[in-house]
Each structure stands twice: as C-alpha cells, then as structure tokens.
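Okay, entry-v1.csv is below, CSV, C-alpha atoms and all ligand atoms:
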```csv
chain,number,residue,atom,x,y,z
A,586,MET,CA,-66.1,70.8,-23.3
A,587,THR,CA,-64.3,73.1,-25.7
A,588,ALA,CA,-65.5,76.0,-27.8
A,589,GLN,CA,-68.2,75.1,-30.3
A,590,LEU,CA,-68.9,76.4,-33.8
A,591,ALA,CA,-71.9,78.7,-33.4
A,592,CYS,CA,-72.1,80.3,-36.8
A,593,THR,CA,-70.0,82.1,-39.4
A,594,THR,CA,-69.0,85.8,-39.4
A,595,ALA,CA,-71.2,86.3,-42.5
A,596,ASP,CA,-74.3,85.2,-40.5
A,597,VAL,CA,-74.4,88.2,-38.2
A,598,GLY,CA,-74.2,91.9,-39.3
A,599,PRO,CA,-73.3,94.9,-37.1
A,600,GLU,CA,-75.9,95.4,-34.3
A,601,GLU,CA,-77.6,92.1,-35.2
A,602,ALA,CA,-78.2,89.0,-33.1
A,603,LEU,CA,-78.6,85.4,-34.1
A,604,ARG,CA,-80.1,82.7,-32.0
A,605,VAL,CA,-78.2,79.4,-32.0
A,606,GLU,CA,-78.5,76.2,-30.0
A,607,LEU,CA,-75.3,74.7,-28.6
A,608,GLU,CA,-74.7,71.6,-26.6
A,609,GLY,CA,-74.2,72.1,-22.9
A,610,THR,CA,-73.2,69.5,-20.4
A,611,SER,CA,-76.8,68.9,-19.4
A,612,GLY,CA,-78.5,69.5,-22.7
A,613,PRO,CA,-79.1,72.2,-25.3
A,614,VAL,CA,-78.3,75.8,-24.5
A,615,GLU,CA,-79.9,78.7,-26.4
A,616,VAL,CA,-77.4,81.4,-27.1
A,617,ALA,CA,-77.6,84.8,-28.8
A,618,VAL,CA,-74.5,85.5,-30.9
A,619,VAL,CA,-74.4,89.3,-31.2
A,620,ARG,CA,-72.2,91.9,-33.0
A,621,ASP,CA,-72.0,95.2,-31.3
A,622,GLY,CA,-71.9,98.6,-32.9
A,623,ASP,CA,-68.1,98.5,-33.1
A,624,GLY,CA,-68.1,95.1,-34.8
A,625,GLY,CA,-67.2,93.2,-31.6
A,626,TRP,CA,-68.6,89.8,-31.0
A,627,HIS,CA,-70.5,88.6,-28.0
A,628,ALA,CA,-72.4,85.5,-26.9
A,629,ILE,CA,-75.1,85.9,-24.3
A,630,SER,CA,-77.9,83.6,-23.0
A,631,ASP,CA,-80.8,84.0,-25.4
A,632,ILE,CA,-83.3,83.8,-22.6
A,633,CYS,CA,-84.2,87.0,-20.8
A,634,SER,CA,-83.8,86.8,-17.1
A,635,HIS,CA,-87.2,88.5,-16.6
A,636,GLY,CA,-89.3,86.2,-18.8
A,637,ALA,CA,-88.7,83.3,-21.0
A,638,VAL,CA,-88.5,85.2,-24.3
A,639,SER,CA,-85.7,85.3,-26.8
A,640,LEU,CA,-83.2,88.2,-26.5
A,641,SER,CA,-82.0,87.7,-30.0
A,642,ASP,CA,-85.4,89.1,-31.2
A,643,GLY,CA,-84.6,92.4,-29.4
A,644,GLU,CA,-82.7,95.4,-30.6
A,645,VAL,CA,-78.9,95.7,-30.4
A,646,GLU,CA,-77.6,99.2,-29.6
A,647,GLY,CA,-73.9,99.7,-29.1
A,648,CYS,CA,-72.8,97.1,-26.5
A,649,PHE,CA,-76.4,96.5,-25.2
A,650,ILE,CA,-79.3,94.3,-26.2
A,651,GLU,CA,-82.9,95.3,-25.4
A,652,CYS,CA,-85.5,92.7,-24.6
A,653,TRP,CA,-88.4,93.2,-27.0
A,654,LEU,CA,-91.1,92.3,-24.4
A,655,HIS,CA,-90.6,94.8,-21.5
A,656,GLY,CA,-87.6,96.8,-22.6
A,657,SER,CA,-84.9,95.6,-20.2
A,658,GLN,CA,-81.4,96.2,-21.5
A,659,PHE,CA,-78.4,93.9,-20.9
A,660,ASP,CA,-74.7,94.7,-21.2
A,661,LEU,CA,-73.3,92.3,-23.8
A,662,ARG,CA,-70.0,92.3,-22.0
A,663,THR,CA,-71.2,91.4,-18.6
A,664,GLY,CA,-74.8,90.1,-18.9
A,665,MET,CA,-75.9,92.7,-16.3
A,666,PRO,CA,-79.2,94.3,-16.7
A,667,THR,CA,-79.0,98.1,-17.1
A,668,ALA,CA,-82.7,98.8,-17.3
A,669,LEU,CA,-85.7,97.5,-15.4
A,670,PRO,CA,-87.7,95.4,-15.0
A,671,ALA,CA,-85.0,92.6,-15.3
A,672,MET,CA,-82.9,92.5,-12.1
A,673,ARG,CA,-80.9,89.3,-12.6
A,674,PRO,CA,-78.0,89.0,-15.1
A,675,VAL,CA,-77.9,86.6,-17.9
A,676,PRO,CA,-74.9,84.4,-18.6
A,677,VAL,CA,-72.3,85.6,-21.1
A,678,TYR,CA,-69.8,83.3,-22.9
A,679,PRO,CA,-66.4,83.8,-24.4
A,680,VAL,CA,-66.3,84.2,-28.2
A,681,THR,CA,-63.3,83.4,-30.4
A,682,ILE,CA,-63.2,84.3,-34.1
A,683,ASP,CA,-61.2,81.8,-36.1
A,684,GLY,CA,-61.2,83.0,-39.7
A,685,GLU,CA,-64.9,82.9,-40.6
A,686,ARG,CA,-65.9,80.7,-37.8
A,687,VAL,CA,-67.5,82.1,-34.6
A,688,LEU,CA,-66.7,79.8,-31.7
A,689,VAL,CA,-68.5,80.0,-28.3
A,690,ASP,CA,-67.2,78.3,-25.1
A,691,LEU,CA,-70.1,77.5,-22.8
A,692,ASP,CA,-67.7,76.4,-20.0
A,693,GLY,CA,-66.3,79.9,-19.8
A,694,ARG,CA,-69.5,81.6,-18.9
A,695,LEU,CA,-69.2,84.7,-16.6
A,696,ASP,CA,-72.0,84.0,-14.1
A,697,GLY,CA,-73.3,81.2,-12.2
A,698,SER,CA,-76.5,80.3,-14.0
A,699,ALA,CA,-76.3,76.7,-15.1
A,700,ASP,CA,-76.3,76.4,-18.9
A,701,GLY,CA,-78.1,79.7,-19.3
A,702,SER,CA,-81.4,78.4,-18.2
B,801,LIG,S1,-89.3,89.4,-20.6
B,801,LIG,FE1,-87.5,90.5,-21.0
B,801,LIG,S2,-87.8,92.4,-19.9
B,801,LIG,FE2,-89.6,91.2,-19.4
```
Go through the file and emit its structure as structure tokens.
Ligand code: FES
Amino acid sequence: MTAQLACTTADVGPEEALRVELEGTSGPVEVAVVRDGDGGWHAISDICSHGAVSLSDGEVEGCFIECWLHGSQFDLRTGMPTALPAMRPVPVYPVTIDGERVLVDLDGRLDGSADGS
C-alpha cells in the first residue's frame, strides 16, 4: 500500500488535529493528522493507548498531543507517552506534503501495533 490522501493543508491549522479514517491492510485505521507549533506535519494513531478515546479531540502543544480524558501526552514524532497514565506508545506514520495534499503512509508506521488498533 502506498501513501493515501488524508486531507488538504487547509484542513488543519497550527496546533490543531484532524481525525481521518484511512484504509489499512486489515480494515479502516483511525489517524490523527496534526500540525505542530512550528507548522510541521504529523500522523499518529487517533486512539489513545490508555483508553479507547480520540486523541484528535485533545490539545496540541508544540510537538505533543495531550489526551483529553486523563492527560497523557504523546510525542508526535515518536508516539511515545511523556506523561502518565499511558505507558504504551501509539503508532506514528510518515507524512508527505504534496502541494496542498497531505499524504499518510500506513505501511511506514514507526512501532509494532497492527493498524493502530
Ligand atoms: S484515555 Fe487517554 S490518558 Fe486515559
């Protein structure tokens, strides 16, 4: 599978996140497309590793996203939790900006969780 169109650059402002559903090899994958404080683009599993809630509903601060339910923070670059209670990372995926198109490659994820679930 190759990179998929997730959204356009106009869809996500600085320090905002957008939930999108992409097609994984074993079904739909929920991904949060995020712009960090410096305008960089990230794609991270939308499902918090502590509970099944949407990370895109949380706050983006710099290169981190904070889960709205219990306050765990995840590094957008690595998916690693940097604040409890979450202890497991969430998958992150490579992002390519092609003009106005934001492309996400699910096959390039940086950790071993299958399809972000
Ligand atoms: S559900 Fe995200 S930190 Fe608890």
Taking a cut-off of 8 Å and counting all atoms listed in the file, can you build a table that, for each residue of region 650-690 of chain A near region 619-628 of chain A, reports the nearest atom pair and how far apart they are in Å (one decimal), sorted by chain then residue number, as a tab-separated table?
```
residue	atom	partner	partner_atom	distance
A:Leu661	CA	A:His627	CA	6.3
A:Arg662	CA	A:His627	CA	7.1
A:Val677	CA	A:Ala628	CA	5.8
A:Tyr678	CA	A:Ala628	CA	5.3
A:Pro679	CA	A:Ala628	CA	6.7
A:Val680	CA	A:His627	CA	6.1
A:Val689	CA	A:Ala628	CA	6.9
```
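Note that the spacing between CA of Met672 (chain A) and CA of Val597 (chain A) amounts to 27.8 Å.
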Item to check | Between CA of Val618 (chain A) and CA of Ala602 (chain A) - distance in Å to one decimal | outcome: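 About the pair CA of Ala602 (chain A) and CA of Val618 (chain A): they are 5.5 Å apart.
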Item to check | Leu688 (chain A) environment, 9 Å, only C-alpha atoms, sequence neighbours closer than 5 positions dropped, as a VMD selection string | outcome: chain A and resid 588 to 593 679 to 683
Checklist entry - Near Gly636 (chain A), within 12 Å and counting only C-alpha atoms, which residues show up once chain neighbours fewer than 5 positions away are dropped, as a ChimeraX atom specification? => result /A:631,652-657,670-673,675,702
Checklist entry - So which residues touch Ile632 (chain A) within 9 Å, counting all atoms listed in the file, skipping near sequence neighbours fewer than 6 positions away, as a ChimeraX atom specification? => result /A:615-617,638-641,675,701-702
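Restricting the calculation to only C-alpha atoms and all ligand atoms, the smallest distance between ligand LIG 801 (chain B) and any of A:Glu606, A:Glu601, A:Asp642, A:Asp692 is found for A:Asp642.
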Next on the checklist: Using all atoms listed in the file for the distances, tell me which of A:Leu695, A:Asp690, A:Glu644, A:Leu669 is nearest to Glu608 (chain A).
Outcome noted: A:Asp690
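Residue nearest ligand LIG 801 (chain B), chosen from A:Ala637, A:Thr663, A:Arg686, A:Glu646 and counting all atoms listed in the file: A:Ala637.
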Item to check | Using all atoms listed in the file: which of A:Gly684, A:Gly609, A:Gly643, A:Gly693 has the shortest distance to ligand LIG 801 (chain B) | outcome: A:Gly643
Item to check | Shortest interatomic distance to ligand LIG 801 (chain B) - which of A:Ser630, A:Thr610, A:Thr667, A:Gln658, counting all atoms listed in the file | outcome: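 Once distances to ligand LIG 801 (chain B) are computed over all atoms listed in the file, the minimum belongs to A:Gln658.
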Item to check | Atomic distance CA of Glu651 (chain A) - atom FE1 of ligand LIG 801 (chain B), expressed in Å with one decimal | outcome: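 Computed distance, CA of Glu651 (chain A) to atom FE1 of ligand LIG 801 (chain B), equals 8.0 Å.
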Next on the checklist: For a quick check of understanding, using all atoms listed in the file, which of A:Gly612, A:Asp696, A:Asp596, A:Phe659 has the smallest distance to ligand LIG 801 (chain B)?
Outcome noted: A:Phe659
Atoms added to region 653-670 of chain A (N, CA and C atoms), reported as a PDB file, in the coordinates of the input:
```pdb
ATOM      1  N   TRP A 653     -87.299  92.661 -26.201  1.00  0.00           N
ATOM      2  CA  TRP A 653     -88.400  93.200 -27.000  1.00  0.00           C
ATOM      3  C   TRP A 653     -89.713  93.254 -26.155  1.00  0.00           C
ATOM      4  N   LEU A 654     -89.800  92.444 -25.084  1.00  0.00           N
ATOM      5  CA  LEU A 654     -91.100  92.300 -24.400  1.00  0.00           C
ATOM      6  C   LEU A 654     -91.347  93.488 -23.430  1.00  0.00           C
ATOM      7  N   HIS A 655     -90.393  93.746 -22.527  1.00  0.00           N
ATOM      8  CA  HIS A 655     -90.600  94.800 -21.500  1.00  0.00           C
ATOM      9  C   HIS A 655     -89.511  95.853 -21.531  1.00  0.00           C
ATOM     10  N   GLY A 656     -88.531  95.724 -22.402  1.00  0.00           N
ATOM     11  CA  GLY A 656     -87.600  96.800 -22.600  1.00  0.00           C
ATOM     12  C   GLY A 656     -86.334  96.756 -21.697  1.00  0.00           C
ATOM     13  N   SER A 657     -86.122  95.680 -20.923  1.00  0.00           N
ATOM     14  CA  SER A 657     -84.900  95.600 -20.200  1.00  0.00           C
ATOM     15  C   SER A 657     -83.685  95.576 -21.124  1.00  0.00           C
ATOM     16  N   GLN A 658     -82.602  96.230 -20.711  1.00  0.00           N
ATOM     17  CA  GLN A 658     -81.400  96.200 -21.500  1.00  0.00           C
ATOM     18  C   GLN A 658     -80.324  95.388 -20.734  1.00  0.00           C
ATOM     19  N   PHE A 659     -79.513  94.652 -21.480  1.00  0.00           N
ATOM     20  CA  PHE A 659     -78.400  93.900 -20.900  1.00  0.00           C
ATOM     21  C   PHE A 659     -77.119  94.279 -21.549  1.00  0.00           C
ATOM     22  N   ASP A 660     -76.086  94.420 -20.699  1.00  0.00           N
ATOM     23  CA  ASP A 660     -74.700  94.700 -21.200  1.00  0.00           C
ATOM     24  C   ASP A 660     -74.181  93.440 -21.820  1.00  0.00           C
ATOM     25  N   LEU A 661     -73.825  93.489 -23.088  1.00  0.00           N
ATOM     26  CA  LEU A 661     -73.300  92.300 -23.800  1.00  0.00           C
ATOM     27  C   LEU A 661     -72.007  91.814 -23.224  1.00  0.00           C
ATOM     28  N   ARG A 662     -71.262  92.682 -22.539  1.00  0.00           N
ATOM     29  CA  ARG A 662     -70.000  92.300 -22.000  1.00  0.00           C
ATOM     30  C   ARG A 662     -70.050  91.589 -20.688  1.00  0.00           C
ATOM     31  N   THR A 663     -71.095  91.903 -19.912  1.00  0.00           N
ATOM     32  CA  THR A 663     -71.200  91.400 -18.600  1.00  0.00           C
ATOM     33  C   THR A 663     -72.473  90.564 -18.317  1.00  0.00           C
ATOM     34  N   GLY A 664     -73.485  90.760 -19.132  1.00  0.00           N
ATOM     35  CA  GLY A 664     -74.800  90.100 -18.900  1.00  0.00           C
ATOM     36  C   GLY A 664     -75.634  90.873 -17.881  1.00  0.00           C
ATOM     37  N   MET A 665     -75.116  91.960 -17.321  1.00  0.00           N
ATOM     38  CA  MET A 665     -75.900  92.700 -16.300  1.00  0.00           C
ATOM     39  C   MET A 665     -76.987  93.500 -16.882  1.00  0.00           C
ATOM     40  N   PRO A 666     -78.164  93.483 -16.237  1.00  0.00           N
ATOM     41  CA  PRO A 666     -79.200  94.300 -16.700  1.00  0.00           C
ATOM     42  C   PRO A 666     -78.945  95.799 -16.378  1.00  0.00           C
ATOM     43  N   THR A 667     -79.228  96.674 -17.306  1.00  0.00           N
ATOM     44  CA  THR A 667     -79.000  98.100 -17.100  1.00  0.00           C
ATOM     45  C   THR A 667     -80.283  98.892 -17.116  1.00  0.00           C
ATOM     46  N   ALA A 668     -81.398  98.186 -17.301  1.00  0.00           N
ATOM     47  CA  ALA A 668     -82.700  98.800 -17.300  1.00  0.00           C
ATOM     48  C   ALA A 668     -83.734  97.853 -16.757  1.00  0.00           C
ATOM     49  N   LEU A 669     -84.621  98.322 -15.897  1.00  0.00           N
ATOM     50  CA  LEU A 669     -85.700  97.500 -15.400  1.00  0.00           C
ATOM     51  C   LEU A 669     -86.657  97.114 -16.480  1.00  0.00           C
ATOM     52  N   PRO A 670     -87.454  96.044 -16.299  1.00  0.00           N
ATOM     53  CA  PRO A 670     -87.700  95.400 -15.000  1.00  0.00           C
ATOM     54  C   PRO A 670     -86.788  94.197 -14.697  1.00  0.00           C
TER      55      PRO A 670
END
```
